[in-house]
file final34.txt (compact mmCIF, C-alpha atoms)
# COMPACT_ATOMS: atom_id res chain seq x y z
CA MET A 2 -200.25 60.82 18.99
CA LYS A 3 -201.77 60.18 21.55
CA SER A 4 -198.69 61.02 23.01
CA SER A 5 -200.34 59.53 25.94
CA PRO A 6 -199.47 55.98 26.47
CA GLN A 7 -201.45 53.21 24.87
CA VAL A 8 -203.51 51.74 27.67
CA SER A 9 -204.21 48.04 27.69
CA ILE A 10 -206.71 47.33 30.45
CA ALA A 11 -208.97 44.30 30.34
CA ILE A 12 -211.87 46.25 31.81
CA LEU A 13 -211.62 49.13 29.31
CA ALA A 14 -213.65 49.08 26.12
CA ALA A 15 -211.73 49.46 22.87
CA LEU A 16 -211.59 53.05 21.69
CA SER A 17 -213.60 53.62 18.52
CA GLN A 18 -212.72 56.05 15.77
CA ALA A 19 -215.19 58.31 14.00
CA SER A 20 -214.63 60.37 10.87
CA ALA A 21 -214.64 64.13 11.48
CA GLN A 22 -213.89 67.37 9.74
CA PHE A 23 -211.08 69.53 11.07
CA GLY A 24 -213.26 72.24 12.61
CA LEU A 25 -215.45 75.17 11.67
CA ALA A 26 -214.65 78.78 12.49
CA SER A 27 -217.03 81.62 13.28
CA ASN A 28 -216.83 84.96 15.06
CA THR A 29 -219.34 84.03 17.78
CA PRO A 30 -218.03 85.07 21.24
CA PRO A 31 -217.43 82.32 23.84
CA GLN A 32 -220.64 81.14 25.49
CA THR A 33 -218.75 80.39 28.71
CA GLN A 34 -218.08 84.10 29.06
CA THR A 35 -221.39 85.56 27.93
CA GLU A 36 -224.08 83.11 29.01
CA PRO A 37 -224.63 81.31 32.32
CA THR A 38 -224.51 77.54 32.22
CA LYS A 39 -227.84 75.72 32.54
CA SER A 40 -226.53 73.62 35.41
CA ALA A 41 -223.38 74.66 37.24
CA ILE A 42 -223.11 71.22 38.79
CA ASP A 43 -222.67 69.68 35.32
CA HIS A 44 -220.08 72.23 34.16
CA LEU A 45 -216.57 71.91 35.55
CA VAL A 46 -214.40 74.98 34.90
CA LEU A 47 -210.64 74.62 35.37
CA ALA A 48 -207.81 77.17 35.34
CA GLY A 49 -204.31 77.61 36.71
CA ASP A 50 -202.87 74.15 37.34
CA PHE A 51 -206.09 72.50 36.04
CA THR A 52 -206.71 70.55 39.24
CA VAL A 53 -209.93 69.53 40.90
CA GLU A 54 -210.28 69.11 44.66
CA GLY A 55 -212.69 66.73 46.34
CA VAL A 56 -212.84 63.58 48.39
CA MET A 57 -211.99 59.95 47.74
CA ASN A 58 -213.49 57.43 50.16
CA ASP A 59 -214.18 60.40 52.47
CA GLU A 60 -210.52 61.52 52.35
CA PRO A 61 -209.33 64.79 50.69
CA VAL A 62 -207.91 64.33 47.20
CA LYS A 63 -206.60 66.64 44.49
CA LEU A 64 -206.24 65.43 40.90
CA ILE A 65 -204.84 67.03 37.78
CA VAL A 66 -207.34 66.96 34.92
CA GLU A 67 -205.39 66.20 31.75
CA PRO A 68 -207.27 65.78 28.44
CA VAL A 69 -205.26 62.77 27.27
CA ALA A 70 -204.95 61.01 30.63
CA PRO A 71 -206.73 57.64 31.07
CA ASP A 72 -210.51 57.56 31.48
CA ARG A 73 -210.27 56.75 35.19
CA PRO A 74 -208.16 58.21 38.00
CA VAL A 75 -204.48 57.27 37.92
CA LEU A 76 -203.17 57.59 41.47
CA ASN A 77 -199.58 58.13 42.47
CA PRO A 78 -198.03 55.27 44.49
CA GLU A 79 -197.16 57.53 47.44
CA PHE A 80 -200.81 58.57 47.74
CA VAL A 81 -201.82 54.90 47.58
CA ARG A 82 -199.39 54.01 50.39
CA MET A 83 -200.47 56.94 52.56
CA HIS A 84 -204.11 55.83 52.35
CA GLY A 85 -203.45 52.12 52.71
CA LEU A 86 -205.08 51.17 49.42
CA SER A 87 -204.69 47.65 48.10
CA GLY A 88 -205.43 46.45 44.60
CA SER A 89 -208.18 44.05 43.57
CA PHE A 90 -207.76 40.87 41.56
CA ILE A 91 -208.31 42.93 38.38
CA THR A 92 -205.03 44.24 36.99
CA GLY A 93 -204.02 45.93 33.77
CA SER A 94 -201.05 47.51 32.06
CA PHE A 95 -199.79 50.69 30.42
CA ASN A 96 -197.82 50.06 27.24
CA PHE A 97 -195.00 52.25 25.87
CA GLY A 98 -193.73 50.52 22.77
CA ALA A 99 -192.17 47.30 24.04
CA MET A 100 -192.25 48.48 27.66
CA LYS A 101 -195.15 47.48 29.89
CA LEU A 102 -196.04 48.79 33.35
CA LYS A 103 -198.32 46.65 35.50
CA ALA A 104 -201.31 48.54 36.90
CA HIS A 105 -203.22 47.70 40.07
CA THR A 106 -206.89 48.66 40.27
CA LYS A 107 -209.58 49.27 42.87
CA VAL A 108 -213.08 50.76 42.76
CA LEU A 109 -213.14 53.97 44.82
CA LYS A 110 -215.79 56.56 45.67
CA TYR A 111 -215.22 60.15 44.53
CA GLU A 112 -216.95 63.49 44.94
CA PHE A 113 -215.87 66.56 42.96
CA SER A 114 -217.76 69.82 42.46
CA GLY A 115 -221.10 68.36 43.54
CA GLN A 116 -220.77 65.15 41.52
CA LYS A 117 -220.53 61.77 43.24
CA TRP A 118 -219.50 58.59 41.49
CA LYS A 119 -217.62 55.33 41.81
CA ARG A 120 -214.71 54.69 39.50
CA ARG A 121 -212.16 51.94 39.13
CA SER A 122 -208.83 53.65 39.77
CA LEU A 123 -205.35 52.64 38.67
CA TRP A 124 -201.81 52.90 39.94
CA THR A 125 -198.36 51.57 39.12
CA ASP A 126 -195.06 51.65 41.00
CA ARG A 127 -194.31 54.97 39.24
CA PRO A 128 -196.17 58.28 39.60
CA TYR A 129 -198.13 59.48 36.57
CA SER A 130 -197.34 63.00 37.71
CA GLU A 131 -195.17 64.15 40.60
CA GLU A 132 -197.83 66.66 41.57
CA HIS A 133 -200.87 66.04 43.74
CA ALA A 134 -202.57 62.67 44.18
CA GLY A 135 -202.66 61.76 40.51
CA ALA A 136 -204.45 62.57 37.28
CA VAL A 137 -207.64 61.82 35.38
CA GLY A 138 -208.76 62.37 31.80
CA VAL A 139 -211.78 64.43 30.80
CA GLN A 140 -213.69 61.26 29.94
CA GLY A 141 -213.12 59.96 33.48
CA ILE A 142 -215.10 62.79 35.10
CA PRO A 143 -218.93 62.64 35.19
CA HIS A 144 -219.49 66.34 34.42
CA LYS A 145 -221.22 66.83 31.09
CA LYS A 146 -219.06 69.82 30.21
CA ILE A 147 -215.44 70.55 31.13
CA THR A 148 -213.84 73.89 30.27
CA PHE A 149 -210.13 74.69 30.50
CA HIS A 150 -209.34 78.40 30.79
CA LEU A 151 -205.95 78.68 29.09
CA ARG A 152 -205.45 82.47 29.06
CA PRO A 153 -207.50 85.70 29.09
CA SER A 154 -209.82 86.05 26.11
CA GLN A 155 -209.12 88.55 23.34
CA GLY A 156 -211.42 90.44 20.99
CA ASP A 157 -210.30 88.77 17.75
CA GLU A 158 -211.15 85.21 18.77
CA GLN A 159 -212.96 82.70 16.62
CA ARG A 160 -214.91 79.62 17.63
CA PHE A 161 -213.58 76.29 16.39
CA VAL A 162 -215.67 73.13 16.75
CA PHE A 163 -214.43 69.56 16.42
CA PRO A 164 -216.69 66.49 16.74
CA LEU A 165 -215.84 64.59 19.91
CA ALA A 166 -214.71 61.03 19.23
CA LYS A 167 -216.25 58.10 21.09
CA ASN A 168 -213.26 57.95 23.40
CA GLY A 169 -214.43 61.27 24.87
CA GLN A 170 -211.06 63.01 24.67
CA SER A 171 -210.12 63.66 21.05
CA PHE A 172 -211.40 64.06 17.50
CA ASP A 173 -210.57 62.19 14.30
CA LYS A 174 -209.19 63.79 11.16
CA GLU A 175 -208.57 62.06 7.84
CA ILE A 176 -205.04 62.77 6.63
CA GLY A 177 -203.62 60.96 3.62
CA GLY A 178 -206.40 58.39 3.69
CA LYS A 179 -205.75 57.52 7.35
CA GLN A 180 -207.95 58.30 10.34
CA VAL A 181 -205.68 60.23 12.71
CA GLU A 182 -206.72 60.71 16.31
CA ILE A 183 -206.00 64.26 17.47
CA GLY A 184 -205.93 64.99 21.19
CA PHE A 185 -204.60 67.65 23.55
CA THR A 186 -202.13 67.84 26.41
CA LEU A 187 -201.56 70.59 28.95
CA ARG A 188 -198.48 68.89 30.43
CA ARG A 189 -196.15 69.31 27.46
CA ASP A 190 -195.21 72.35 25.37
CA HIS A 191 -194.75 70.87 21.91
CA THR A 192 -197.04 68.88 19.66
CA LEU A 193 -196.15 65.20 19.34
CA ALA A 194 -197.12 62.67 16.68
CA SER A 195 -196.81 58.90 16.67
CA ALA A 196 -194.40 57.43 14.13
CA ALA A 197 -197.22 56.36 11.81
CA ALA A 198 -198.89 59.79 11.97
CA GLY A 199 -195.53 61.46 11.38
CA SER A 200 -195.11 59.50 8.16
CA VAL A 201 -198.56 60.55 6.96
CA LEU A 202 -197.88 64.22 7.77
CA ALA A 203 -194.54 64.10 5.96
CA GLU A 204 -196.13 62.62 2.87
CA GLU A 205 -199.06 65.02 2.82
CA PHE A 206 -197.29 68.25 3.75
CA GLY A 207 -193.67 67.53 2.88
CA GLY A 208 -191.48 66.80 5.88
CA THR A 209 -187.80 66.72 6.79
CA PHE A 210 -186.27 65.59 10.06
CA SER A 211 -183.94 68.09 11.75
CA PRO A 212 -180.59 66.69 12.95
CA GLU A 213 -181.28 67.04 16.69
CA ARG A 214 -182.58 64.06 18.61
CA PHE A 215 -184.32 64.27 21.97
CA LYS A 216 -186.00 62.17 24.62
CA GLN A 217 -189.48 63.04 25.77
CA GLU A 218 -191.29 61.87 28.88
CA ILE A 219 -194.64 60.39 27.87
CA ALA A 220 -195.97 59.44 31.32
CA PHE A 221 -194.86 57.70 34.52
CA GLY A 222 -191.33 59.02 33.95
CA VAL A 223 -191.00 56.86 30.82
CA GLU A 224 -189.02 58.61 28.09
CA ARG A 225 -189.25 57.87 24.38
CA PRO A 226 -186.98 59.12 21.55
CA ILE A 227 -188.34 61.90 19.36
CA GLN A 228 -187.21 64.10 16.46
CA ARG A 229 -188.47 67.38 15.09
CA LEU A 230 -190.29 67.17 11.76
CA GLN A 231 -190.22 70.38 9.71
CA LEU A 232 -193.21 70.66 7.37
CA GLN A 233 -192.84 72.37 3.99
CA GLU A 234 -196.57 73.03 3.59
CA SER A 235 -198.87 74.40 6.24
CA PHE A 236 -200.80 72.02 8.47
CA PHE A 237 -203.54 74.13 10.04
CA PHE A 238 -205.11 73.70 13.45
CA ALA A 239 -207.65 76.17 14.88
CA GLY A 240 -206.59 78.91 12.48
CA ARG A 241 -202.86 78.51 13.02
CA SER A 242 -200.21 76.82 10.90
CA LEU A 243 -198.21 74.09 12.58
CA GLY A 244 -194.85 74.34 10.83
CA GLN A 245 -193.06 71.78 12.96
CA ILE A 246 -194.15 68.72 14.90
CA TYR A 247 -192.16 66.30 17.01
CA VAL A 248 -192.41 62.61 16.12
CA ARG A 249 -191.90 59.54 18.25
CA THR A 250 -189.29 57.61 16.31
CA ARG A 251 -189.43 54.27 18.08
CA ASP A 252 -193.09 53.49 18.07
CA TRP A 253 -195.59 51.28 16.28
CA GLY A 254 -195.53 52.56 12.75
CA ASP A 255 -192.95 53.41 10.10
CA VAL A 256 -191.07 56.69 9.61
CA SER A 257 -188.64 55.29 7.08
CA GLY A 258 -190.26 57.36 4.31
CA ILE A 259 -189.46 60.69 5.97
CA LYS A 260 -186.42 62.42 4.52
CA LYS A 261 -183.54 63.07 6.87
CA HIS A 262 -181.92 66.49 7.16
CA GLU A 263 -178.71 66.57 5.15
CA LYS A 264 -176.62 67.00 8.31
CA VAL A 265 -178.02 63.92 10.02
CA GLU A 266 -175.41 61.25 10.58
CA GLY A 267 -175.39 57.86 12.22
CA ASP A 268 -177.35 54.66 11.99
CA PRO A 269 -180.58 55.24 10.03
CA SER A 270 -182.23 52.51 12.09
CA GLU A 271 -182.55 55.07 14.87
CA ILE A 272 -185.38 56.72 12.97
CA VAL A 273 -186.82 53.69 11.20
CA VAL A 274 -189.59 51.87 12.99
CA ALA A 275 -191.19 48.82 11.44
CA ALA A 276 -194.79 48.03 12.23
CA LYS A 277 -193.76 44.37 12.34
CA ALA A 278 -191.03 45.00 14.89
CA LYS A 279 -193.08 43.14 17.43
CA LYS A 280 -195.60 40.41 16.90
CA GLY A 281 -199.05 41.87 17.21
CA GLY A 282 -197.78 45.44 16.85
CA LYS A 283 -200.20 47.74 15.08
CA ALA A 284 -199.55 51.18 13.63
CA ARG A 285 -201.16 53.93 15.67
CA TYR A 286 -202.06 57.22 14.02
CA SER A 287 -202.26 59.96 16.63
CA ILE A 288 -201.25 63.58 17.19
CA THR A 289 -201.32 65.33 20.54
CA ILE A 290 -201.50 69.12 20.39
CA GLY A 291 -199.24 70.69 23.03
CA ARG A 292 -199.37 74.01 24.88
CA ASP A 293 -197.27 75.87 22.29
CA ASP A 294 -199.91 75.27 19.63
CA LEU A 295 -202.71 76.16 22.07
CA ALA A 296 -201.10 79.45 23.10
CA HIS A 297 -203.44 81.46 20.87
CA CYS A 298 -206.53 79.89 22.49
CA SER A 299 -208.31 81.19 25.59
CA THR A 300 -210.66 78.28 26.33
CA MET A 301 -211.07 74.63 25.42
CA THR A 302 -214.34 72.90 26.25
CA PHE A 303 -215.23 69.22 26.08
CA ASP A 304 -219.02 69.09 25.75
CA LYS A 305 -220.12 65.49 26.18
CA LYS A 306 -223.81 66.22 25.66
CA SER A 307 -223.33 67.92 22.28
CA GLU A 308 -220.34 65.66 21.51
CA GLU A 309 -218.09 68.55 20.62
CA ILE A 310 -214.71 69.99 21.46
CA ILE A 311 -214.96 73.79 21.32
CA LEU A 312 -212.00 76.16 21.26
CA TYR A 313 -211.90 79.95 21.20
CA CYS A 314 -208.67 81.09 19.58
CA SER A 315 -207.19 84.28 18.16
CA ALA A 316 -206.92 84.60 14.40
call {"tool": "encode", "arguments": {"input": "final34.txt", "output": "structure tokens"}}
result
Amino acid sequence: MKSSPQVSIAILAALSQASAQFGLASNTPPQTQTEPTKSAIDHLVLAGDFTVEGVMNDEPVKLIVEPVAPDRPVLNPEFVRMHGLSGSFITGSFNFGAMKLKAHTKVLKYEFSGQKWKRRSLWTDRPYSEEHAGAVGVQGIPHKKITFHLRPSQGDEQRFVFPLAKNGQSFDKEIGGKQVEIGFTLRRDHTLASAAAGSVLAEEFGGTFSPERFKQEIAFGVERPIQRLQLQESFFFAGRSLGQIYVRTRDWGDVSGIKKHEKVEGDPSEIVVAAKAKKGGKARYSITIGRDDLAHCSTMTFDKKSEEIILYCSA
């Protein structure tokens, strides 16, 4: 789940997957609160609206840092127009199921918190976020360590460590014999799984769809249908049980094996997604942890040097 859109950009390298365990807990207090960082310039600390202010091509810019956003700045079209930016000959696309948004690109110069770098930036005719100039993922920022302060720390917190995947924004967990990519979002409350991951969760932990159906914005104002999956057995993340997870029901993958709630009526094809629905379609196994299931955590750190994602969460 990445609930984030699948990004198909010719200039981007394919994201690799690496096997990982689901995290280790200890009672060690957060280092970010007890020890000074070795180099403040390499450690970006974010709180509040999780934005970073700096300059782009010598002009002020403010970007939202979102863990599952693309690995390069995604600018809003209004910001692009205001600054007279024009795209290069290199283009790309953002894919949402069968929907594709064309992306323009241009290499721009950035400076944030003492770090200077050039990065190919992207934009479409839709804003990624209505706020600020745009957004960027943690892997698109040169800082070696990025910490999100989610809430004040508490005395009963434990330290959970997850090996950082090669994509720089998630970790991999084997569930039901499948490598499932697990990422994080600070833009959405609930946890969202891809159709293929939802099927694996239902098989492993026992799952039933509730009767309600919803639409969820993924990015760029694009909405996708989802349903709530109630798990019979506990699926643990950072010391907490995730009893329910939302599942994208029209996605690459197959949720036909998940039992429907007895009150569900209507065409069953609404919740059945075939991996062969489109030529070249490939099942994607991903889960994106939302704010609700991060509410018991005070900090989340992406440490690129140690290749770890570190969370401090209450028991």
call {"tool": "closest_residue", "arguments": {"input": "final34.txt", "among": "A:Lys283, A:Arg225, A:Lys101, A:His297", "to": "Ser154 of chain A", "atoms": "only C-alpha atoms"}}
result
A:His297
call {"tool": "closest_residue", "arguments": {"input": "final34.txt", "among": "A:Lys306, A:Arg127, A:Lys110, A:Arg285", "to": "Glu182 of chain A", "atoms": "all atoms listed in the file"}}
result
A:Arg285
call {"tool": "closest_residue", "arguments": {"input": "final34.txt", "among": "A:Gly135, A:Pro128, A:Pro164, A:Pro68", "to": "Phe221 of chain A", "atoms": "only C-alpha atoms"}}
result
A:Pro128
call {"tool": "residues_around", "arguments": {"input": "final34.txt", "residues": "Arg152 of chain A", "least_positions_apart": "3", "cutoff": "9 Å", "atoms": "only C-alpha atoms", "output": "list in words"}}
result
Ala48, Ala296, His297, Cys298, Ser299 and Thr300 of chain A
call {"tool": "residues_around", "arguments": {"input": "final34.txt", "residues": "Ile246 of chain A", "least_positions_apart": "6", "cutoff": "8 Å", "atoms": "all atoms listed in the file", "output": "PDB file with C-alpha atoms, keeping the file's coordinate frame"}}
result
ATOM      1  CA  HIS A 191    -194.750  70.870  21.910  1.00  0.00           C
ATOM      2  CA  THR A 192    -197.040  68.880  19.660  1.00  0.00           C
ATOM      3  CA  LEU A 193    -196.150  65.200  19.340  1.00  0.00           C
ATOM      4  CA  ALA A 194    -197.120  62.670  16.680  1.00  0.00           C
ATOM      5  CA  ARG A 229    -188.470  67.380  15.090  1.00  0.00           C
ATOM      6  CA  LEU A 230    -190.290  67.170  11.760  1.00  0.00           C
ATOM      7  CA  GLN A 231    -190.220  70.380   9.710  1.00  0.00           C
ATOM      8  CA  LEU A 232    -193.210  70.660   7.370  1.00  0.00           C
TER       9      LEU A 232
END
call {"tool": "atom_distance", "arguments": {"input": "final34.txt", "atom1": "atom CA of His84 of chain A", "atom2": "atom CA of Glu60 of chain A"}}
result
8.6 Å
call {"tool": "residues_around", "arguments": {"input": "final34.txt", "residues": "Ile147 of chain A", "least_positions_apart": "5", "cutoff": "10 Å", "atoms": "only C-alpha atoms", "output": "PyMOL selection string"}}
result
chain A and resi 43-47+66+68+139-140+142+301-305+310
call {"tool": "residues_around", "arguments": {"input": "final34.txt", "residues": "Phe80 of chain A", "least_positions_apart": "4", "cutoff": "9 Å", "atoms": "only C-alpha atoms", "output": "list in words"}}
result
Leu76, His84, Gly85, Leu86, His133, Ala134 and Gly135 of chain A
